[in-house]
$ cat model_21.pdb   # PDB, C-alpha atoms
ATOM      1  CA  MET C  53     -14.732  -3.881   6.550  1.00  0.00           C
ATOM      2  CA  TYR C  54     -12.502  -2.671   3.730  1.00  0.00           C
ATOM      3  CA  PHE C  55     -11.798  -4.789   0.696  1.00  0.00           C
ATOM      4  CA  PHE C  56      -8.563  -3.941  -1.015  1.00  0.00           C
ATOM      5  CA  HIS C  57      -7.945  -3.954  -4.721  1.00  0.00           C
ATOM      6  CA  SER C  58      -4.559  -4.961  -6.033  1.00  0.00           C
ATOM      7  CA  ASP C  59      -2.922  -4.781  -9.442  1.00  0.00           C
ATOM      8  CA  GLU C  60      -0.306  -7.372  -8.575  1.00  0.00           C
ATOM      9  CA  ALA C  61      -0.761 -11.147  -8.782  1.00  0.00           C
ATOM     10  CA  LEU C  62       1.150 -13.939  -7.087  1.00  0.00           C
ATOM     11  CA  ASN C  63       1.562 -17.500  -8.297  1.00  0.00           C
ATOM     12  CA  PRO C  64       3.420 -19.511  -5.632  1.00  0.00           C
ATOM     13  CA  LYS C  65       2.909 -23.279  -5.532  1.00  0.00           C
ATOM     14  CA  GLY C  66       0.943 -23.024  -8.790  1.00  0.00           C
ATOM     15  CA  CYS C  67      -1.892 -21.058  -7.166  1.00  0.00           C
ATOM     16  CA  ARG C  68      -2.624 -17.686  -8.755  1.00  0.00           C
ATOM     17  CA  PHE C  69      -4.135 -15.097  -6.411  1.00  0.00           C
ATOM     18  CA  GLY C  70      -4.152 -11.412  -5.642  1.00  0.00           C
ATOM     19  CA  PRO C  71      -2.557  -9.999  -2.507  1.00  0.00           C
ATOM     20  CA  SER C  72      -5.889  -8.421  -1.607  1.00  0.00           C
ATOM     21  CA  GLU C  73      -7.082 -11.922  -0.700  1.00  0.00           C
ATOM     22  CA  ILE C  74      -4.354 -11.971   1.965  1.00  0.00           C
ATOM     23  CA  TYR C  75      -5.060  -8.398   3.141  1.00  0.00           C
ATOM     24  CA  ASN C  76      -8.753  -9.114   3.607  1.00  0.00           C
ATOM     25  CA  VAL C  77      -7.858 -11.988   5.953  1.00  0.00           C
ATOM     26  CA  VAL C  78      -4.846 -10.788   7.953  1.00  0.00           C
ATOM     27  CA  GLU C  79      -6.045  -7.236   8.493  1.00  0.00           C
ATOM     28  CA  THR C  80      -9.017  -8.556  10.449  1.00  0.00           C
ATOM     29  CA  LEU C  81      -6.605  -9.769  13.167  1.00  0.00           C
ATOM     30  CA  PRO C  82      -6.403  -7.295  16.059  1.00  0.00           C
ATOM     31  CA  GLU C  83      -2.580  -7.304  16.051  1.00  0.00           C
ATOM     32  CA  ILE C  84      -2.213  -6.282  12.405  1.00  0.00           C
ATOM     33  CA  LYS C  85      -2.295  -2.596  11.482  1.00  0.00           C
ATOM     34  CA  ASP C  86      -1.331  -3.012   7.807  1.00  0.00           C
ATOM     35  CA  SER C  87       0.178  -5.583   5.463  1.00  0.00           C
ATOM     36  CA  LEU C  88       1.848  -5.973   2.091  1.00  0.00           C
ATOM     37  CA  CYS C  89       2.222  -9.237   0.161  1.00  0.00           C
ATOM     38  CA  VAL C  90       4.545  -9.545  -2.836  1.00  0.00           C
ATOM     39  CA  PRO C  91       6.257 -12.292  -4.819  1.00  0.00           C
ATOM     40  CA  GLN C  92       9.946 -13.071  -4.559  1.00  0.00           C
ATOM     41  CA  TYR C  93      11.595 -14.968  -7.391  1.00  0.00           C
ATOM     42  CA  GLY C  94      14.315 -17.542  -6.818  1.00  0.00           C
ATOM     43  CA  LYS C  95      17.353 -18.366  -8.931  1.00  0.00           C
ATOM     44  CA  ASN C  96      15.282 -20.852 -10.968  1.00  0.00           C
ATOM     45  CA  MET C  97      12.384 -18.351 -11.299  1.00  0.00           C
ATOM     46  CA  ASP C  98      10.397 -20.273  -8.713  1.00  0.00           C
ATOM     47  CA  GLU C  99       8.160 -17.968  -6.731  1.00  0.00           C
ATOM     48  CA  ARG C 100       7.276 -17.554  -3.092  1.00  0.00           C
ATOM     49  CA  ALA C 101       4.967 -15.127  -1.357  1.00  0.00           C
ATOM     50  CA  VAL C 102       6.468 -12.732   1.182  1.00  0.00           C
ATOM     51  CA  LEU C 103       4.139 -11.040   3.655  1.00  0.00           C
ATOM     52  CA  PHE C 104       5.167  -7.863   5.454  1.00  0.00           C
ATOM     53  CA  LEU C 105       3.208  -6.828   8.541  1.00  0.00           C
ATOM     54  CA  ILE C 106       2.915  -3.655  10.567  1.00  0.00           C
ATOM     55  CA  ILE C 107       2.042  -4.586  14.139  1.00  0.00           C
ATOM     56  CA  ARG C 108      -0.310  -2.397  16.191  1.00  0.00           C
ATOM     57  CA  ASP C 109       1.000  -0.695  19.313  1.00  0.00           C
ATOM     58  CA  GLY C 110       0.649  -2.943  22.344  1.00  0.00           C
ATOM     59  CA  TYR C 111       1.290  -6.148  20.369  1.00  0.00           C
ATOM     60  CA  SER C 112       4.515  -7.820  19.361  1.00  0.00           C
ATOM     61  CA  PHE C 113       5.766  -9.680  16.323  1.00  0.00           C
ATOM     62  CA  ASN C 114       6.765 -13.211  17.319  1.00  0.00           C
ATOM     63  CA  GLU C 115       6.563 -16.836  16.162  1.00  0.00           C
ATOM     64  CA  ASP C 116       3.143 -17.319  17.765  1.00  0.00           C
ATOM     65  CA  LEU C 117       1.725 -14.409  15.777  1.00  0.00           C
ATOM     66  CA  VAL C 118       3.314 -15.722  12.553  1.00  0.00           C
ATOM     67  CA  ARG C 119       1.747 -19.163  13.171  1.00  0.00           C
ATOM     68  CA  ARG C 120      -1.677 -17.608  13.791  1.00  0.00           C
ATOM     69  CA  VAL C 121      -1.398 -15.424  10.674  1.00  0.00           C
ATOM     70  CA  LYS C 122      -0.485 -18.459   8.551  1.00  0.00           C
ATOM     71  CA  LYS C 123      -3.264 -20.600  10.058  1.00  0.00           C
ATOM     72  CA  THR C 124      -5.810 -17.836   9.457  1.00  0.00           C
ATOM     73  CA  ILE C 125      -4.751 -17.519   5.812  1.00  0.00           C
ATOM     74  CA  GLU C 126      -4.890 -21.291   5.347  1.00  0.00           C
ATOM     75  CA  ARG C 127      -8.349 -21.474   6.961  1.00  0.00           C
ATOM     76  CA  ASP C 128      -9.879 -18.526   5.103  1.00  0.00           C
ATOM     77  CA  CYS C 129      -8.106 -18.952   1.740  1.00  0.00           C
ATOM     78  CA  SER C 130      -6.081 -22.147   1.209  1.00  0.00           C
ATOM     79  CA  TYR C 131      -2.730 -23.689   2.143  1.00  0.00           C
ATOM     80  CA  GLN C 132      -1.412 -22.486  -1.247  1.00  0.00           C
ATOM     81  CA  HIS C 133      -2.045 -18.871  -0.214  1.00  0.00           C
ATOM     82  CA  VAL C 134       0.134 -19.135   2.910  1.00  0.00           C
ATOM     83  CA  PRO C 135       3.229 -16.927   2.510  1.00  0.00           C
ATOM     84  CA  GLU C 136       6.528 -18.727   2.915  1.00  0.00           C
ATOM     85  CA  VAL C 137       8.083 -15.718   4.633  1.00  0.00           C
ATOM     86  CA  VAL C 138       6.362 -13.363   7.114  1.00  0.00           C
ATOM     87  CA  LEU C 139       8.306 -10.326   8.310  1.00  0.00           C
ATOM     88  CA  GLU C 140       7.660  -7.208  10.362  1.00  0.00           C
ATOM     89  CA  VAL C 141       8.177  -3.715   8.951  1.00  0.00           C
ATOM     90  CA  LYS C 142       7.527  -0.312  10.480  1.00  0.00           C
ATOM     91  CA  ASP C 143       5.950   1.266   7.392  1.00  0.00           C
ATOM     92  CA  ILE C 144       4.451   0.287   4.032  1.00  0.00           C
ATOM     93  CA  PRO C 145       4.784   2.458   0.938  1.00  0.00           C
ATOM     94  CA  TYR C 146       1.672   3.790  -0.794  1.00  0.00           C
ATOM     95  CA  SER C 147       1.211   5.315  -4.234  1.00  0.00           C
ATOM     96  CA  LEU C 148      -0.053   8.827  -4.784  1.00  0.00           C
ATOM     97  CA  THR C 149      -3.483   7.261  -5.384  1.00  0.00           C
ATOM     98  CA  PHE C 150      -3.386   5.548  -1.949  1.00  0.00           C
ATOM     99  CA  LYS C 151      -2.733   2.022  -3.274  1.00  0.00           C
ATOM    100  CA  LYS C 152      -0.198  -0.239  -1.615  1.00  0.00           C
ATOM    101  CA  ALA C 153       3.029   0.038  -3.626  1.00  0.00           C
ATOM    102  CA  GLU C 154       3.372  -3.694  -4.283  1.00  0.00           C
ATOM    103  CA  ILE C 155       5.143  -3.400  -7.625  1.00  0.00           C
ATOM    104  CA  VAL C 156       7.924  -1.156  -6.278  1.00  0.00           C
ATOM    105  CA  VAL C 157       8.493  -3.436  -3.258  1.00  0.00           C
ATOM    106  CA  LYS C 158       8.464  -6.511  -5.519  1.00  0.00           C
ATOM    107  CA  LYS C 159      11.181  -4.903  -7.645  1.00  0.00           C
ATOM    108  CA  ILE C 160      13.239  -3.928  -4.588  1.00  0.00           C
ATOM    109  CA  ILE C 161      13.230  -7.389  -2.991  1.00  0.00           C
ATOM    110  CA  ASN C 162      14.010  -8.991  -6.380  1.00  0.00           C
ATOM    111  CA  ASN C 163      16.882  -6.540  -7.035  1.00  0.00           C
ATOM    112  CA  LEU C 164      15.209  -5.065 -10.118  1.00  0.00           C
ATOM    113  CA  PRO C 165      15.318  -1.442 -11.274  1.00  0.00           C
ATOM    114  CA  ASN C 166      12.491   0.615  -9.851  1.00  0.00           C
ATOM    115  CA  THR C 167      11.232   4.149  -9.593  1.00  0.00           C
ATOM    116  CA  ILE C 168       9.947   5.920  -6.509  1.00  0.00           C
ATOM    117  CA  GLU C 169       8.509   9.047  -8.115  1.00  0.00           C
ATOM    118  CA  LEU C 170       4.901   7.991  -7.596  1.00  0.00           C
ATOM    119  CA  ILE C 171       5.337   6.910  -3.970  1.00  0.00           C
ATOM    120  CA  ARG C 172       3.538   9.014  -1.369  1.00  0.00           C
ATOM    121  CA  ASN C 173       5.886   7.982   1.461  1.00  0.00           C
ATOM    122  CA  PRO C 174       9.230   6.991  -0.157  1.00  0.00           C
ATOM    123  CA  GLU C 175      10.963   6.861   3.243  1.00  0.00           C
ATOM    124  CA  ALA C 176       9.071   3.586   3.861  1.00  0.00           C
ATOM    125  CA  LEU C 177      11.012   1.879   1.069  1.00  0.00           C
ATOM    126  CA  HIS C 178      14.217   1.570   3.092  1.00  0.00           C
ATOM    127  CA  TYR C 179      12.617  -1.261   5.118  1.00  0.00           C
ATOM    128  CA  PHE C 180      12.623  -3.483   2.030  1.00  0.00           C
ATOM    129  CA  TYR C 181      16.295  -3.369   1.049  1.00  0.00           C
ATOM    130  CA  ASP C 182      18.876  -5.961   2.115  1.00  0.00           C
ATOM    131  CA  ILE C 183      16.571  -8.140   4.218  1.00  0.00           C
ATOM    132  CA  PRO C 184      18.624 -11.066   5.575  1.00  0.00           C
ATOM    133  CA  GLU C 185      15.651 -13.476   5.543  1.00  0.00           C
ATOM    134  CA  LEU C 186      15.224 -12.947   1.792  1.00  0.00           C
ATOM    135  CA  LYS C 187      18.848 -13.599   0.819  1.00  0.00           C
ATOM    136  CA  GLY C 188      19.817 -16.763  -1.027  1.00  0.00           C
ATOM    137  CA  PHE C 189      16.404 -17.674  -2.412  1.00  0.00           C
TER     138      PHE C 189
END

$ encode --input "model_21.pdb" --output "structure tokens"
Amino acid sequence: MYFFHSDEALNPKGCRFGPSEIYNVVETLPEIKDSLCVPQYGKNMDERAVLFLIIRDGYSFNEDLVRRVKKTIERDCSYQHVPEVVLEVKDIPYSLTFKKAEIVVKKIINNLPNTIELIRNPEALHYFYDIPELKGF
């Protein structure tokens, strides 16, 4: 089993945790190939966790899978760790040092300036722009 290290921290619902806590739980599920968890900030600077999933071939992203992912996170971490939004993506960006590019994705979904120079696979970033489910928060 791999344990991921993360430089980013989330603090939704007053619970501070690292995304690696989420990765270590959801990536044990057979359907999940990879994941990325980042904070999204609302108009009042409230924060929610957004979880992006890559689904393995042969499985599908649906409401049942989202429910099971959330229940697994609640069981193995806490209800405060459960992401408010769970979405499917086809790729996740990684840094040149093979770390998940959480900070760049966080900036993209929060409409903040960002730089892609240190991203190993910058083509993956297009999945994180203009996501309808993240509008209006």

$ resolve_selection --input "model_21.pdb" --expression "the PyMOL selection byres ((chain C and resi 168-178) around 9)" --output "list in words"
Val141, Lys142, Asp143, Ile144, Pro145, Tyr146, Ser147, Leu148, Thr149, Phe150, Ala153, Val156, Val157, Ile160, Asn166, Thr167, Tyr179, Phe180, Tyr181 and Asp182 of chain C

$ write_last_selection --input "model_21.pdb" --atoms "C-alpha atoms" --output "PDB file, in the coordinates of the input"
ATOM      1  CA  VAL C 141       8.177  -3.715   8.951  1.00  0.00           C
ATOM      2  CA  LYS C 142       7.527  -0.312  10.480  1.00  0.00           C
ATOM      3  CA  ASP C 143       5.950   1.266   7.392  1.00  0.00           C
ATOM      4  CA  ILE C 144       4.451   0.287   4.032  1.00  0.00           C
ATOM      5  CA  PRO C 145       4.784   2.458   0.938  1.00  0.00           C
ATOM      6  CA  TYR C 146       1.672   3.790  -0.794  1.00  0.00           C
ATOM      7  CA  SER C 147       1.211   5.315  -4.234  1.00  0.00           C
ATOM      8  CA  LEU C 148      -0.053   8.827  -4.784  1.00  0.00           C
ATOM      9  CA  THR C 149      -3.483   7.261  -5.384  1.00  0.00           C
ATOM     10  CA  PHE C 150      -3.386   5.548  -1.949  1.00  0.00           C
ATOM     11  CA  ALA C 153       3.029   0.038  -3.626  1.00  0.00           C
ATOM     12  CA  VAL C 156       7.924  -1.156  -6.278  1.00  0.00           C
ATOM     13  CA  VAL C 157       8.493  -3.436  -3.258  1.00  0.00           C
ATOM     14  CA  ILE C 160      13.239  -3.928  -4.588  1.00  0.00           C
ATOM     15  CA  ASN C 166      12.491   0.615  -9.851  1.00  0.00           C
ATOM     16  CA  THR C 167      11.232   4.149  -9.593  1.00  0.00           C
ATOM     17  CA  TYR C 179      12.617  -1.261   5.118  1.00  0.00           C
ATOM     18  CA  PHE C 180      12.623  -3.483   2.030  1.00  0.00           C
ATOM     19  CA  TYR C 181      16.295  -3.369   1.049  1.00  0.00           C
ATOM     20  CA  ASP C 182      18.876  -5.961   2.115  1.00  0.00           C
TER      21      ASP C 182
END

$ residues_near_point --input "model_21.pdb" --point "(-2.4, -19.2, 9.7)" --cutoff "12 Å" --atoms "only C-alpha atoms" --output "tab-separated table (two decimals) with C-alpha atoms, in the frame of the given file"
chain	number	residue	atom	x	y	z
C	74	ILE	CA	-4.35	-11.97	1.96
C	77	VAL	CA	-7.86	-11.99	5.95
C	78	VAL	CA	-4.85	-10.79	7.95
C	81	LEU	CA	-6.60	-9.77	13.17
C	115	GLU	CA	6.56	-16.84	16.16
C	116	ASP	CA	3.14	-17.32	17.76
C	117	LEU	CA	1.72	-14.41	15.78
C	118	VAL	CA	3.31	-15.72	12.55
C	119	ARG	CA	1.75	-19.16	13.17
C	120	ARG	CA	-1.68	-17.61	13.79
C	121	VAL	CA	-1.40	-15.42	10.67
C	122	LYS	CA	-0.48	-18.46	8.55
C	123	LYS	CA	-3.26	-20.60	10.06
C	124	THR	CA	-5.81	-17.84	9.46
C	125	ILE	CA	-4.75	-17.52	5.81
C	126	GLU	CA	-4.89	-21.29	5.35
C	127	ARG	CA	-8.35	-21.47	6.96
C	128	ASP	CA	-9.88	-18.53	5.10
C	129	CYS	CA	-8.11	-18.95	1.74
C	130	SER	CA	-6.08	-22.15	1.21
C	131	TYR	CA	-2.73	-23.69	2.14
C	132	GLN	CA	-1.41	-22.49	-1.25
C	133	HIS	CA	-2.04	-18.87	-0.21
C	134	VAL	CA	0.13	-19.14	2.91
C	135	PRO	CA	3.23	-16.93	2.51
C	136	GLU	CA	6.53	-18.73	2.92
C	138	VAL	CA	6.36	-13.36	7.11

$ atom_distance --input "model_21.pdb" --atom1 "CA of Lys152 in chain C" --atom2 "CA of Asp86 in chain C"
9.9 Å

$ atom_distance --input "model_21.pdb" --atom1 "CA of Gly110 in chain C" --atom2 "CA of Leu139 in chain C"
17.6 Å

$ atom_distance --input "model_21.pdb" --atom1 "CA of Pro184 in chain C" --atom2 "CA of Phe69 in chain C"
26.0 Å

$ resolve_selection --input "model_21.pdb" --expression "the PyMOL selection byres ((chain C and resi 87) around 6)" --output "PyMOL selection string"
chain C and resi 86+88+104-105

$ resolve_selection --input "model_21.pdb" --expression "the PyMOL selection byres ((chain C and resi 108) around 8)" --output "list of chain:residue names"
C:Pro82, C:Glu83, C:Ile84, C:Lys85, C:Ile106, C:Ile107, C:Asp109, C:Gly110, C:Tyr111, C:Ser112

$ axis_aligned_box --input "model_21.pdb" --around "range 131-140 of chain C" --padding-each-side "6 Å" --output "AutoDock Vina command-line options"
--center_x 2.8 --center_y -15.4 --center_z 4.6 --size_x 23.0 --size_y 28.5 --size_z 23.6

$ residues_around --input "model_21.pdb" --residues "Gln92 in chain C" --least-positions-apart "4" --cutoff "9 Å" --atoms "all atoms listed in the file" --output "list in words"
Met97, Asp98, Glu99, Arg100, Ala101, Val102, Lys158, Lys159, Ile161, Asn162, Leu186 and Phe189 of chain C

$ write_last_selection --input "model_21.pdb" --atoms "C-alpha atoms" --output "PDB file, keeping the file's coordinate frame"
ATOM      1  CA  MET C  97      12.384 -18.351 -11.299  1.00  0.00           C
ATOM      2  CA  ASP C  98      10.397 -20.273  -8.713  1.00  0.00           C
ATOM      3  CA  GLU C  99       8.160 -17.968  -6.731  1.00  0.00           C
ATOM      4  CA  ARG C 100       7.276 -17.554  -3.092  1.00  0.00           C
ATOM      5  CA  ALA C 101       4.967 -15.127  -1.357  1.00  0.00           C
ATOM      6  CA  VAL C 102       6.468 -12.732   1.182  1.00  0.00           C
ATOM      7  CA  LYS C 158       8.464  -6.511  -5.519  1.00  0.00           C
ATOM      8  CA  LYS C 159      11.181  -4.903  -7.645  1.00  0.00           C
ATOM      9  CA  ILE C 161      13.230  -7.389  -2.991  1.00  0.00           C
ATOM     10  CA  ASN C 162      14.010  -8.991  -6.380  1.00  0.00           C
ATOM     11  CA  LEU C 186      15.224 -12.947   1.792  1.00  0.00           C
ATOM     12  CA  PHE C 189      16.404 -17.674  -2.412  1.00  0.00           C
TER      13      PHE C 189
END

$ closest_residue --input "model_21.pdb" --among "C:Glu185, C:Glu154, C:Cys67, C:Phe113" --to "Pro91 in chain C" --atoms "all atoms listed in the file"
C:Glu154

$ closest_residue --input "model_21.pdb" --among "C:Ile183, C:Asn63, C:Glu79, C:Pro165" --to "Tyr93 in chain C" --atoms "only C-alpha atoms"
C:Asn63
